[in-house]
>>> print(open('structure_3.pdb').read())   # PDB, C-alpha atoms
ATOM      1  CA  MET E 287     -10.208  57.796  16.315
ATOM      2  CA  THR E 288      -8.918  56.617  19.696
ATOM      3  CA  SER E 289      -5.485  57.615  21.018
ATOM      4  CA  PRO E 290      -3.453  55.687  23.603
ATOM      5  CA  SER E 291      -4.682  56.272  27.139
ATOM      6  CA  ALA E 292      -2.743  58.611  29.383
ATOM      7  CA  VAL E 293      -3.130  56.011  32.162
ATOM      8  CA  LEU E 294      -0.279  53.523  32.108
ATOM      9  CA  PRO E 295      -1.156  49.810  32.327
ATOM     10  CA  PHE E 296      -0.138  47.378  35.072
ATOM     11  CA  ASP E 297       0.407  50.189  37.636
ATOM     12  CA  MET E 298       3.607  51.175  35.831
ATOM     13  CA  PRO E 299       5.244  54.357  37.130
ATOM     14  CA  PRO E 300       5.532  57.138  34.543
ATOM     15  CA  PHE E 301       8.760  57.217  32.605
ATOM     16  CA  ARG E 302      11.227  59.790  33.957
ATOM     17  CA  PRO E 303      14.738  59.950  32.489
ATOM     18  CA  ARG E 304      17.737  59.011  34.582
ATOM     19  CA  PRO E 305      20.329  61.771  35.018
ATOM     20  CA  PRO E 306      22.393  62.627  33.043
ATOM     21  CA  TRP E 307      20.526  60.966  30.160
ATOM     22  CA  TRP E 308      18.103  63.787  29.521
ATOM     23  CA  GLY E 309      16.469  64.275  26.150
ATOM     24  CA  ALA E 310      15.825  62.101  23.126
ATOM     25  CA  ASP E 311      19.391  61.884  21.844
ATOM     26  CA  LEU E 312      21.069  60.964  25.110
ATOM     27  CA  GLN E 313      18.380  58.377  25.767
ATOM     28  CA  THR E 314      19.015  56.945  22.289
ATOM     29  CA  LEU E 315      22.802  56.949  22.659
ATOM     30  CA  ARG E 316      23.154  55.784  26.252
ATOM     31  CA  ASN E 317      23.810  52.140  25.366
ATOM     32  CA  THR E 318      26.509  53.242  22.921
ATOM     33  CA  LEU E 319      28.155  55.864  25.123
ATOM     34  CA  ALA E 320      28.031  53.918  28.396
ATOM     35  CA  PRO E 321      27.153  50.268  27.764
ATOM     36  CA  ARG E 322      26.445  48.173  30.843
ATOM     37  CA  PRO E 323      27.911  44.671  30.932
ATOM     38  CA  VAL E 324      25.287  41.943  30.754
ATOM     39  CA  ASP E 325      25.977  38.576  32.365
ATOM     40  CA  LEU E 326      24.184  35.699  30.651
ATOM     41  CA  SER E 327      26.487  33.050  32.152
ATOM     42  CA  PRO E 328      23.821  31.768  34.602
ATOM     43  CA  TRP E 329      21.852  30.649  31.534
ATOM     44  CA  PRO E 330      24.337  29.188  29.008
ATOM     45  CA  GLY E 331      23.123  29.601  25.449
ATOM     46  CA  GLN E 332      22.587  26.834  22.909
ATOM     47  CA  HIS E 333      23.549  27.959  19.409
ATOM     48  CA  LEU E 334      20.892  27.190  16.797
ATOM     49  CA  ARG E 335      20.868  27.529  12.999
ATOM     50  CA  PHE E 336      17.761  27.920  10.883
ATOM     51  CA  VAL E 337      17.071  27.718   7.150
ATOM     52  CA  ALA E 338      15.346  30.856   5.840
ATOM     53  CA  ALA E 339      12.027  30.736   4.015
ATOM     54  CA  ASN E 340      13.811  30.942   0.658
ATOM     55  CA  GLU E 341      15.462  27.585   1.547
ATOM     56  CA  ARG E 342      18.868  29.027   0.788
ATOM     57  CA  ASP E 343      19.853  31.636   3.353
ATOM     58  CA  ALA E 344      20.316  31.337   7.102
ATOM     59  CA  LEU E 345      19.165  32.691  10.427
ATOM     60  CA  SER E 346      20.699  31.795  13.780
ATOM     61  CA  GLY E 347      20.298  32.428  17.455
ATOM     62  CA  TRP E 348      21.127  31.629  21.042
ATOM     63  CA  LEU E 349      18.562  29.732  23.081
ATOM     64  CA  HIS E 350      18.682  30.256  26.863
ATOM     65  CA  ARG E 351      16.640  28.322  29.381
ATOM     66  CA  PRO E 352      15.866  29.435  32.956
ATOM     67  CA  ALA E 353      15.644  27.105  35.918
ATOM     68  CA  PRO E 354      12.839  24.573  35.359
ATOM     69  CA  PRO E 355       9.500  26.058  36.508
ATOM     70  CA  ALA E 356       7.237  24.314  38.978
ATOM     71  CA  GLY E 357       4.234  24.298  36.621
ATOM     72  CA  ALA E 358       3.710  24.237  32.890
ATOM     73  CA  GLY E 359       6.079  27.142  32.445
ATOM     74  CA  PRO E 360       5.927  30.427  30.562
ATOM     75  CA  PRO E 361       6.128  30.894  26.775
ATOM     76  CA  LEU E 362       9.372  31.230  24.861
ATOM     77  CA  VAL E 363      10.270  34.858  24.134
ATOM     78  CA  ILE E 364      12.083  35.494  20.829
ATOM     79  CA  VAL E 365      14.048  38.751  20.996
ATOM     80  CA  ILE E 366      14.553  40.335  17.553
ATOM     81  CA  HIS E 367      17.129  43.027  16.773
ATOM     82  CA  GLY E 368      16.782  46.162  14.670
ATOM     83  CA  LEU E 369      18.520  47.604  11.610
ATOM     84  CA  THR E 370      22.290  46.842  11.558
ATOM     85  CA  GLY E 371      21.871  44.890  14.803
ATOM     86  CA  ASP E 372      22.326  41.269  15.807
ATOM     87  CA  ALA E 373      21.567  38.893  18.647
ATOM     88  CA  ASP E 374      24.535  40.124  20.693
ATOM     89  CA  GLY E 375      23.336  43.729  20.932
ATOM     90  CA  GLN E 376      23.245  45.461  24.308
ATOM     91  CA  MET E 377      19.442  45.795  24.370
ATOM     92  CA  GLN E 378      18.824  42.228  23.258
ATOM     93  CA  CYS E 379      21.168  40.785  25.885
ATOM     94  CA  ALA E 380      19.838  43.036  28.663
ATOM     95  CA  SER E 381      16.237  42.096  27.897
ATOM     96  CA  ALA E 382      17.188  38.417  27.726
ATOM     97  CA  ALA E 383      18.918  38.492  31.112
ATOM     98  CA  TYR E 384      16.006  40.288  32.767
ATOM     99  CA  LEU E 385      13.409  37.871  31.379
ATOM    100  CA  LEU E 386      15.524  34.790  32.131
ATOM    101  CA  ALA E 387      15.864  35.912  35.745
ATOM    102  CA  ALA E 388      12.056  36.113  35.824
ATOM    103  CA  GLY E 389      11.769  32.532  34.546
ATOM    104  CA  TYR E 390      11.186  32.992  30.801
ATOM    105  CA  PRO E 391      13.100  31.001  28.174
ATOM    106  CA  VAL E 392      14.594  33.343  25.565
ATOM    107  CA  LEU E 393      15.872  32.976  22.007
ATOM    108  CA  ARG E 394      18.110  35.865  20.861
ATOM    109  CA  LEU E 395      17.575  35.746  17.112
ATOM    110  CA  ASN E 396      19.824  36.811  14.245
ATOM    111  CA  LEU E 397      17.627  37.661  11.263
ATOM    112  CA  ARG E 398      18.486  36.499   7.761
ATOM    113  CA  GLY E 399      22.105  37.385   6.970
ATOM    114  CA  ALA E 400      22.811  39.027  10.353
ATOM    115  CA  GLY E 401      25.510  38.108  12.846
ATOM    116  CA  ASP E 402      27.269  34.787  12.415
ATOM    117  CA  CYS E 403      24.966  33.577   9.625
ATOM    118  CA  ALA E 404      26.045  36.330   7.191
ATOM    119  CA  PRO E 405      28.597  34.214   5.268
ATOM    120  CA  ALA E 406      25.897  31.621   4.577
ATOM    121  CA  SER E 407      23.418  34.153   3.171
ATOM    122  CA  ALA E 408      23.095  35.834  -0.215
ATOM    123  CA  THR E 409      20.290  38.132   0.988
ATOM    124  CA  LEU E 410      19.512  40.035   4.192
ATOM    125  CA  TYR E 411      16.368  40.652   6.195
ATOM    126  CA  HIS E 412      13.711  43.298   5.743
ATOM    127  CA  SER E 413      10.850  44.082   8.113
ATOM    128  CA  ASN E 414       8.133  42.095   6.380
ATOM    129  CA  LEU E 415       9.922  38.758   6.059
ATOM    130  CA  ALA E 416       7.253  37.149   8.214
ATOM    131  CA  ALA E 417       7.931  33.906   6.346
ATOM    132  CA  ASP E 418      11.385  33.757   7.950
ATOM    133  CA  ILE E 419       9.873  34.000  11.431
ATOM    134  CA  GLU E 420       7.385  31.270  10.535
ATOM    135  CA  ALA E 421      10.310  29.146   9.284
ATOM    136  CA  VAL E 422      12.163  29.627  12.575
ATOM    137  CA  LEU E 423       9.069  28.636  14.563
ATOM    138  CA  ALA E 424       8.678  25.487  12.477
ATOM    139  CA  GLN E 425      12.311  24.490  13.107
ATOM    140  CA  LEU E 426      12.370  25.072  16.876
ATOM    141  CA  PRO E 427      12.210  21.950  19.052
ATOM    142  CA  GLY E 428       8.776  21.247  20.474
ATOM    143  CA  THR E 429      10.294  20.924  23.945
ATOM    144  CA  ILE E 430      10.846  24.691  24.010
ATOM    145  CA  THR E 431       7.671  25.856  22.225
ATOM    146  CA  GLY E 432       5.169  23.773  24.182
ATOM    147  CA  GLN E 433       3.835  26.823  26.028
ATOM    148  CA  GLY E 434       3.772  28.983  22.932
ATOM    149  CA  VAL E 435       5.942  31.817  21.662
ATOM    150  CA  VAL E 436       5.918  35.596  22.111
ATOM    151  CA  LEU E 437       7.815  37.789  19.639
ATOM    152  CA  PHE E 438       9.689  40.768  21.133
ATOM    153  CA  GLY E 439      11.125  43.105  18.527
ATOM    154  CA  TYR E 440      13.197  46.271  18.696
ATOM    155  CA  SER E 441      12.858  48.942  15.993
ATOM    156  CA  LEU E 442      12.926  47.126  12.621
ATOM    157  CA  GLY E 443      12.451  43.904  14.617
ATOM    158  CA  GLY E 444       9.343  45.457  16.145
ATOM    159  CA  ASN E 445       7.923  46.206  12.722
ATOM    160  CA  LEU E 446       8.711  42.632  11.683
ATOM    161  CA  THR E 447       6.896  41.421  14.802
ATOM    162  CA  LEU E 448       3.789  43.424  13.914
ATOM    163  CA  ASN E 449       3.899  42.280  10.295
ATOM    164  CA  THR E 450       4.188  38.650  11.411
ATOM    165  CA  LEU E 451       1.248  38.899  13.784
ATOM    166  CA  ARG E 452      -1.003  40.595  11.214
ATOM    167  CA  GLN E 453      -0.758  37.703   8.734
ATOM    168  CA  PRO E 454      -4.100  36.008   7.922
ATOM    169  CA  ARG E 455      -2.994  32.716   9.495
ATOM    170  CA  PRO E 456      -0.041  33.225  11.842
ATOM    171  CA  SER E 457       1.647  30.191  13.354
ATOM    172  CA  PRO E 458      -0.487  28.475  16.025
ATOM    173  CA  LEU E 459       2.592  28.626  18.260
ATOM    174  CA  LEU E 460       2.299  32.398  18.567
ATOM    175  CA  ARG E 461       0.657  33.787  21.698
ATOM    176  CA  GLY E 462       1.398  37.485  21.295
ATOM    177  CA  GLY E 463       3.955  40.125  20.549
ATOM    178  CA  ILE E 464       5.900  43.135  21.789
ATOM    179  CA  SER E 465       7.108  46.022  19.646
ATOM    180  CA  ILE E 466       9.537  48.699  20.856
ATOM    181  CA  CYS E 467       9.899  51.887  18.743
ATOM    182  CA  ALA E 468       9.000  50.189  15.469
ATOM    183  CA  PRO E 469       9.087  52.172  12.194
ATOM    184  CA  ILE E 470       5.470  51.322  11.401
ATOM    185  CA  LEU E 471       5.695  53.734   8.436
ATOM    186  CA  PRO E 472       9.199  53.041   7.076
ATOM    187  CA  ALA E 473       9.088  55.883   4.517
ATOM    188  CA  ALA E 474       8.530  58.405   7.304
ATOM    189  CA  ALA E 475      11.416  56.954   9.311
ATOM    190  CA  ALA E 476      13.727  57.162   6.284
ATOM    191  CA  ARG E 477      12.767  60.812   5.800
ATOM    192  CA  ALA E 478      13.394  61.514   9.487
ATOM    193  CA  LEU E 479      16.896  60.061   9.283
ATOM    194  CA  GLU E 480      17.640  62.315   6.300
ATOM    195  CA  ARG E 481      17.007  65.457   8.381
ATOM    196  CA  PRO E 482      20.159  67.519   9.086
ATOM    197  CA  ARG E 483      19.840  66.956  12.863
ATOM    198  CA  ASN E 484      20.107  63.199  12.236
ATOM    199  CA  ARG E 485      23.151  63.315   9.975
ATOM    200  CA  LEU E 486      25.397  61.458  12.454
ATOM    201  CA  TYR E 487      22.771  58.788  13.087
ATOM    202  CA  GLN E 488      22.421  58.157   9.368
ATOM    203  CA  ARG E 489      26.190  58.014   8.896
ATOM    204  CA  HIS E 490      26.419  55.427  11.679
ATOM    205  CA  LEU E 491      23.591  53.323  10.249
ATOM    206  CA  VAL E 492      24.943  53.478   6.696
ATOM    207  CA  ALA E 493      28.346  52.267   7.904
ATOM    208  CA  GLY E 494      26.628  49.392   9.726
ATOM    209  CA  LEU E 495      24.543  48.505   6.681
ATOM    210  CA  LYS E 496      27.657  48.372   4.514
ATOM    211  CA  ARG E 497      29.428  46.083   6.986
ATOM    212  CA  ALA E 498      26.395  43.807   7.267
ATOM    213  CA  ALA E 499      25.830  43.601   3.526
ATOM    214  CA  LEU E 500      29.472  43.033   2.637
ATOM    215  CA  ALA E 501      29.721  40.251   5.221
ATOM    216  CA  CYS E 502      27.161  38.288   3.181
ATOM    217  CA  ALA E 503      27.701  36.291   0.018
ATOM    218  CA  LEU E 504      26.148  38.960  -2.219
ATOM    219  CA  ASP E 505      25.764  38.905  -5.958
ATOM    220  CA  PRO E 506      28.619  41.057  -7.415
ATOM    221  CA  ALA E 507      26.205  43.746  -8.655
ATOM    222  CA  LEU E 508      24.601  44.020  -5.197
ATOM    223  CA  GLU E 509      28.034  44.107  -3.579
ATOM    224  CA  ALA E 510      29.002  47.053  -5.786
ATOM    225  CA  SER E 511      25.754  48.835  -4.864
ATOM    226  CA  ALA E 512      26.342  48.197  -1.160
ATOM    227  CA  ARG E 513      29.812  49.736  -1.339
ATOM    228  CA  ALA E 514      28.376  52.893  -2.926
ATOM    229  CA  ILE E 515      25.425  53.629  -0.610
ATOM    230  CA  ARG E 516      25.312  57.000   1.148
ATOM    231  CA  SER E 517      21.899  57.003   2.825
ATOM    232  CA  ILE E 518      19.260  54.692   4.251
ATOM    233  CA  ARG E 519      17.130  55.310   1.148
ATOM    234  CA  ASP E 520      20.130  54.396  -1.030
ATOM    235  CA  TYR E 521      20.452  51.076   0.754
ATOM    236  CA  ASP E 522      16.727  50.384   0.703
ATOM    237  CA  GLY E 523      16.407  51.146  -3.005
ATOM    238  CA  LYS E 524      19.665  49.825  -4.434
ATOM    239  CA  VAL E 525      20.314  46.868  -2.124
ATOM    240  CA  ALA E 526      17.307  45.739  -0.053
ATOM    241  CA  ALA E 527      14.674  46.377  -2.734
ATOM    242  CA  ALA E 528      16.843  44.920  -5.462
ATOM    243  CA  MET E 529      17.647  41.687  -3.621
ATOM    244  CA  HIS E 530      13.993  41.086  -2.702
ATOM    245  CA  GLY E 531      12.372  41.952  -6.034
ATOM    246  CA  PHE E 532      10.897  45.372  -5.248
ATOM    247  CA  ALA E 533      10.902  48.156  -7.824
ATOM    248  CA  SER E 534      12.282  50.888  -5.555
ATOM    249  CA  ALA E 535      12.748  52.040  -1.989
ATOM    250  CA  ASP E 536       9.179  53.396  -2.005
ATOM    251  CA  ASP E 537       7.874  50.028  -3.179
ATOM    252  CA  LEU E 538       9.756  48.343  -0.318
ATOM    253  CA  TYR E 539       8.412  50.882   2.197
ATOM    254  CA  ALA E 540       4.834  50.311   1.043
ATOM    255  CA  HIS E 541       5.274  46.541   1.375
ATOM    256  CA  THR E 542       6.853  46.675   4.836
ATOM    257  CA  ALA E 543       4.644  49.311   6.517
ATOM    258  CA  SER E 544       2.714  47.666   9.357
ATOM    259  CA  ALA E 545       0.573  50.712  10.285
ATOM    260  CA  PRO E 546      -2.151  50.087   7.676
ATOM    261  CA  HIS E 547      -2.520  46.471   8.822
ATOM    262  CA  LEU E 548      -2.529  46.724  12.626
ATOM    263  CA  ARG E 549      -6.278  46.197  12.638
ATOM    264  CA  HIS E 550      -5.699  42.606  11.526
ATOM    265  CA  ILE E 551      -3.707  41.563  14.628
ATOM    266  CA  ARG E 552      -5.723  39.210  16.823
ATOM    267  CA  LEU E 553      -3.164  38.203  19.452
ATOM    268  CA  PRO E 554      -2.292  40.334  22.514
ATOM    269  CA  THR E 555       0.344  42.822  21.400
ATOM    270  CA  LEU E 556       2.159  45.497  23.400
ATOM    271  CA  VAL E 557       3.218  48.472  21.252
ATOM    272  CA  VAL E 558       5.663  50.878  22.943
ATOM    273  CA  HIS E 559       6.949  54.139  21.488
ATOM    274  CA  ALA E 560       8.428  57.432  22.673
ATOM    275  CA  ALA E 561       6.955  60.691  21.405
ATOM    276  CA  ASP E 562      10.441  62.199  21.173
ATOM    277  CA  ASP E 563      11.989  59.305  19.176
ATOM    278  CA  PRO E 564      14.428  61.060  16.790
ATOM    279  CA  TRP E 565      14.384  58.175  14.280
ATOM    280  CA  VAL E 566      10.709  57.193  14.113
ATOM    281  CA  PRO E 567       8.169  60.066  14.015
ATOM    282  CA  VAL E 568       5.370  59.683  16.538
ATOM    283  CA  ALA E 569       2.835  61.057  14.023
ATOM    284  CA  GLY E 570       2.426  57.596  12.521
ATOM    285  CA  TYR E 571       1.422  56.214  15.912
ATOM    286  CA  ARG E 572      -0.974  59.052  16.643
ATOM    287  CA  ALA E 573      -2.755  58.410  13.349
ATOM    288  CA  VAL E 574      -3.650  54.812  14.325
ATOM    289  CA  ASP E 575      -7.150  54.170  15.663
ATOM    290  CA  TRP E 576      -5.961  52.028  18.558
ATOM    291  CA  GLY E 577      -9.441  51.637  20.004
ATOM    292  CA  ALA E 578     -10.557  49.760  16.900
ATOM    293  CA  ASN E 579      -8.507  46.712  17.877
ATOM    294  CA  PRO E 580      -8.728  45.487  21.491
ATOM    295  CA  ALA E 581      -5.814  43.090  20.922
ATOM    296  CA  LEU E 582      -3.403  46.037  20.837
ATOM    297  CA  LEU E 583      -2.017  47.701  23.960
ATOM    298  CA  PRO E 584      -0.352  50.969  22.884
ATOM    299  CA  VAL E 585       1.927  52.839  25.296
ATOM    300  CA  ILE E 586       3.345  56.147  24.055
ATOM    301  CA  THR E 587       5.549  58.000  26.538
ATOM    302  CA  PRO E 588       6.588  61.666  26.284
ATOM    303  CA  GLY E 589      10.296  60.730  26.416
ATOM    304  CA  GLY E 590      12.601  57.772  25.976
ATOM    305  CA  GLY E 591      14.307  58.380  22.639
ATOM    306  CA  HIS E 592      14.757  55.509  20.219
ATOM    307  CA  CYS E 593      14.694  52.270  22.237
ATOM    308  CA  GLY E 594      16.137  54.075  25.261
ATOM    309  CA  PHE E 595      13.751  54.339  28.243
ATOM    310  CA  HIS E 596      16.572  54.671  30.790
ATOM    311  CA  ALA E 597      14.595  55.690  33.860
ATOM    312  CA  ALA E 598      15.458  57.370  37.133
ATOM    313  CA  ASP E 599      13.635  54.894  39.374
ATOM    314  CA  ASP E 600      15.399  51.652  38.403
ATOM    315  CA  PRO E 601      18.567  50.573  36.546
ATOM    316  CA  VAL E 602      16.464  48.106  34.537
ATOM    317  CA  PRO E 603      15.172  49.896  31.421
ATOM    318  CA  TRP E 604      11.601  51.070  31.874
ATOM    319  CA  HIS E 605      10.354  49.216  28.806
ATOM    320  CA  ASP E 606      11.789  45.887  30.028
ATOM    321  CA  ARG E 607       9.817  46.206  33.243
ATOM    322  CA  LEU E 608       6.678  47.006  31.241
ATOM    323  CA  VAL E 609       7.341  43.998  28.985
ATOM    324  CA  LEU E 610       7.601  41.656  31.966
ATOM    325  CA  ARG E 611       4.300  42.883  33.389
ATOM    326  CA  PHE E 612       2.679  42.425  29.994
ATOM    327  CA  LEU E 613       4.002  38.854  29.756
ATOM    328  CA  GLN E 614       2.790  38.091  33.269
ATOM    329  CA  SER E 615      -0.658  39.409  32.341
ATOM    330  CA  MET E 616      -0.830  36.866  29.506
ATOM    331  CA  VAL E 617      -0.230  33.807  31.693
TER     332      VAL E 617
END
>>> encode(input="structure_3.pdb", output="structure tokens")
Amino acid sequence: MTSPSAVLPFDMPPFRPRPPWWGADLQTLRNTLAPRPVDLSPWPGQHLRFVAANERDALSGWLHRPAPPAGAGPPLVIVIHGLTGDADGQMQCASAAYLLAAGYPVLRLNLRGAGDCAPASATLYHSNLAADIEAVLAQLPGTITGQGVVLFGYSLGGNLTLNTLRQPRPSPLLRGGISICAPILPAAAARALERPRNRLYQRHLVAGLKRAALACALDPALEASARAIRSIRDYDGKVAAAMHGFASADDLYAHTASAPHLRHIRLPTLVVHAADDPWVPVAGYRAVDWGANPALLPVITPGGGHCGFHAADDPVPWHDRLVLRFLQSMV
């Protein structure tokens, strides 16, 4: 079994935390405790609506275009949020601004039932709704997908990215993917969030899940279940599993785990994780035989928390700089 190399790709400097954001928790919480304003005004967004794969619910997003390139141009990057998130999240906007400044068109995507499309949806996303991503790709204008599409997912969005790319026949528009701190074994992530040290994280996520679910046009029985949830497993078993036809939370976790299927990915895919992530145990990543699939580029850093990577050497998050170098290597 092959582990990720200790040598970082693309001459990236090693990740070193920026003071005072030392340790996994401060790295994780930095965007919440001290959010940095992100200016997307140089690239005004075009609001788009999409019909979900079930032909009833909705996704939406903001499409931003950089200055016209001299040549054929780079691929469209679709930035996908995580659990309880939406297209307006700090990380999604910061990544979009950084990539737009480098010349990449970006779509900040709201998954099914998230953000402004909640009132038009009776169900919400889970991390193996690859059919929704395929539906979005089919509905995008050809003028923006002519150079292909790269999926860039955070956390749950990263797991969705991996699950989309591992499908037997992914969309021909797809050129690759990027996953940041994905729960590739969702059952293990749910157990981690139930640990006493993560009590406040779970409380925060449960409150966000309730808000997101109750913003949708839920069936009355699902609405009652959503109001009563007290844990991530509660939500996954009584709301997410129920609305998508799974028998239980464990059935949902088995269906959405990407780790057992990574060997099927055939497009270039950057997989980034932090060994100290308090939400997603690194053990799942260390159990993958990365060397068995040359399409995968795994990067596991000692620190960085959950989707943090706030580094001492540059105000731009370390993972965003790595993502840009990965994208440039694909062109």
>>> axis_aligned_box(input="structure_3.pdb", around="segment 579-584 of chain E", padding_each_side="6 Å", output="lines of an AutoDock Vina configuration file")
center_x = -4.5
center_y = 47.0
center_z = 20.9
size_x = 20.4
size_y = 19.9
size_z = 18.1
>>> resolve_selection(input="structure_3.pdb", expression="the PyMOL selection byres ((chain E and resi 584) around 10)", output="list in words")
Ser289, Pro290, Ser291, Leu294, Pro295, Ser465, Thr555, Leu556, Val557, Val558, His559, Tyr571, Val574, Trp576, Gly577, Ala581, Leu582, Leu583, Val585, Ile586 and Thr587 of chain E
>>> residues_near_point(input="structure_3.pdb", point="(12.3, 54.8, 38.7)", cutoff="10 Å", atoms="only C-alpha atoms", output="VMD selection string")
chain E and resid 298 to 304 596 to 604
>>> residues_near_point(input="structure_3.pdb", point="(27.0, 31.7, 5.1)", cutoff="10 Å", atoms="all atoms listed in the file", output="JSON, numbers by chain")
{"E": [342, 343, 344, 345, 399, 400, 402, 403, 404, 405, 406, 407, 408, 501, 502, 503]}
>>> residues_around(input="structure_3.pdb", residues="segment 318-322 of chain E", least_positions_apart="4", cutoff="9 Å", atoms="all atoms listed in the file", output="ChimeraX atom specification")
/E:312,314,376,380
>>> atom_distance(input="structure_3.pdb", atom1="atom CA of Ala578 of chain E", atom2="atom CA of His550 of chain E")
10.2 Å
>>> residues_around(input="structure_3.pdb", residues="Ala358 of chain E", least_positions_apart="3", cutoff="12 Å", atoms="only C-alpha atoms", output="PDB file with C-alpha atoms, in the frame of the given file")
ATOM      1  CA  PRO E 354      12.839  24.573  35.359  1.00  0.00           C
ATOM      2  CA  PRO E 355       9.500  26.058  36.508  1.00  0.00           C
ATOM      3  CA  PRO E 361       6.128  30.894  26.775  1.00  0.00           C
ATOM      4  CA  GLY E 389      11.769  32.532  34.546  1.00  0.00           C
ATOM      5  CA  TYR E 390      11.186  32.992  30.801  1.00  0.00           C
ATOM      6  CA  THR E 429      10.294  20.924  23.945  1.00  0.00           C
ATOM      7  CA  ILE E 430      10.846  24.691  24.010  1.00  0.00           C
ATOM      8  CA  THR E 431       7.671  25.856  22.225  1.00  0.00           C
ATOM      9  CA  GLY E 432       5.169  23.773  24.182  1.00  0.00           C
ATOM     10  CA  GLN E 433       3.835  26.823  26.028  1.00  0.00           C
ATOM     11  CA  GLY E 434       3.772  28.983  22.932  1.00  0.00           C
ATOM     12  CA  VAL E 617      -0.230  33.807  31.693  1.00  0.00           C
TER      13      VAL E 617
END
>>> resolve_selection(input="structure_3.pdb", expression="the PyMOL selection byres ((chain E and resi 563) around 10)", output="ChimeraX atom specification")
/E:309-311,313-314,467,559-562,564-568,587-594
>>> atom_distance(input="structure_3.pdb", atom1="atom CA of Ile551 of chain E", atom2="atom CA of Leu448 of chain E")
7.8 Å
>>> resolve_selection(input="structure_3.pdb", expression="the PyMOL selection byres ((chain E and resi 491-494) around 9)", output="list of chain:residue names")
E:Leu369, E:Thr370, E:Gly371, E:Leu486, E:Tyr487, E:Gln488, E:Arg489, E:His490, E:Leu495, E:Lys496, E:Arg497, E:Ala498, E:Ala499, E:Ile515, E:Arg516, E:Ser517, E:Ile518, E:Tyr521
>>> write_last_selection(input="structure_3.pdb", atoms="C-alpha atoms", output="PDB file, in the frame of the given file")
ATOM      1  CA  LEU E 369      18.520  47.604  11.610  1.00  0.00           C
ATOM      2  CA  THR E 370      22.290  46.842  11.558  1.00  0.00           C
ATOM      3  CA  GLY E 371      21.871  44.890  14.803  1.00  0.00           C
ATOM      4  CA  LEU E 486      25.397  61.458  12.454  1.00  0.00           C
ATOM      5  CA  TYR E 487      22.771  58.788  13.087  1.00  0.00           C
ATOM      6  CA  GLN E 488      22.421  58.157   9.368  1.00  0.00           C
ATOM      7  CA  ARG E 489      26.190  58.014   8.896  1.00  0.00           C
ATOM      8  CA  HIS E 490      26.419  55.427  11.679  1.00  0.00           C
ATOM      9  CA  LEU E 495      24.543  48.505   6.681  1.00  0.00           C
ATOM     10  CA  LYS E 496      27.657  48.372   4.514  1.00  0.00           C
ATOM     11  CA  ARG E 497      29.428  46.083   6.986  1.00  0.00           C
ATOM     12  CA  ALA E 498      26.395  43.807   7.267  1.00  0.00           C
ATOM     13  CA  ALA E 499      25.830  43.601   3.526  1.00  0.00           C
ATOM     14  CA  ILE E 515      25.425  53.629  -0.610  1.00  0.00           C
ATOM     15  CA  ARG E 516      25.312  57.000   1.148  1.00  0.00           C
ATOM     16  CA  SER E 517      21.899  57.003   2.825  1.00  0.00           C
ATOM     17  CA  ILE E 518      19.260  54.692   4.251  1.00  0.00           C
ATOM     18  CA  TYR E 521      20.452  51.076   0.754  1.00  0.00           C
TER      19      TYR E 521
END
>>> closest_residue(input="structure_3.pdb", among="E:Asn445, E:Ser615, E:Thr409, E:Asn317", to="Pro472 of chain E", atoms="all atoms listed in the file")
E:Asn445
>>> residues_around(input="structure_3.pdb", residues="Asp418 of chain E", least_positions_apart="3", cutoff="12 Å", atoms="all atoms listed in the file", output="ChimeraX atom specification")
/E:336-346,395-399,410-415,421-425,446-447,449-450,457
>>> closest_residue(input="structure_3.pdb", among="E:Arg394, E:Asp325, E:Pro482, E:Leu460", to="Leu553 of chain E", atoms="all atoms listed in the file")
E:Leu460
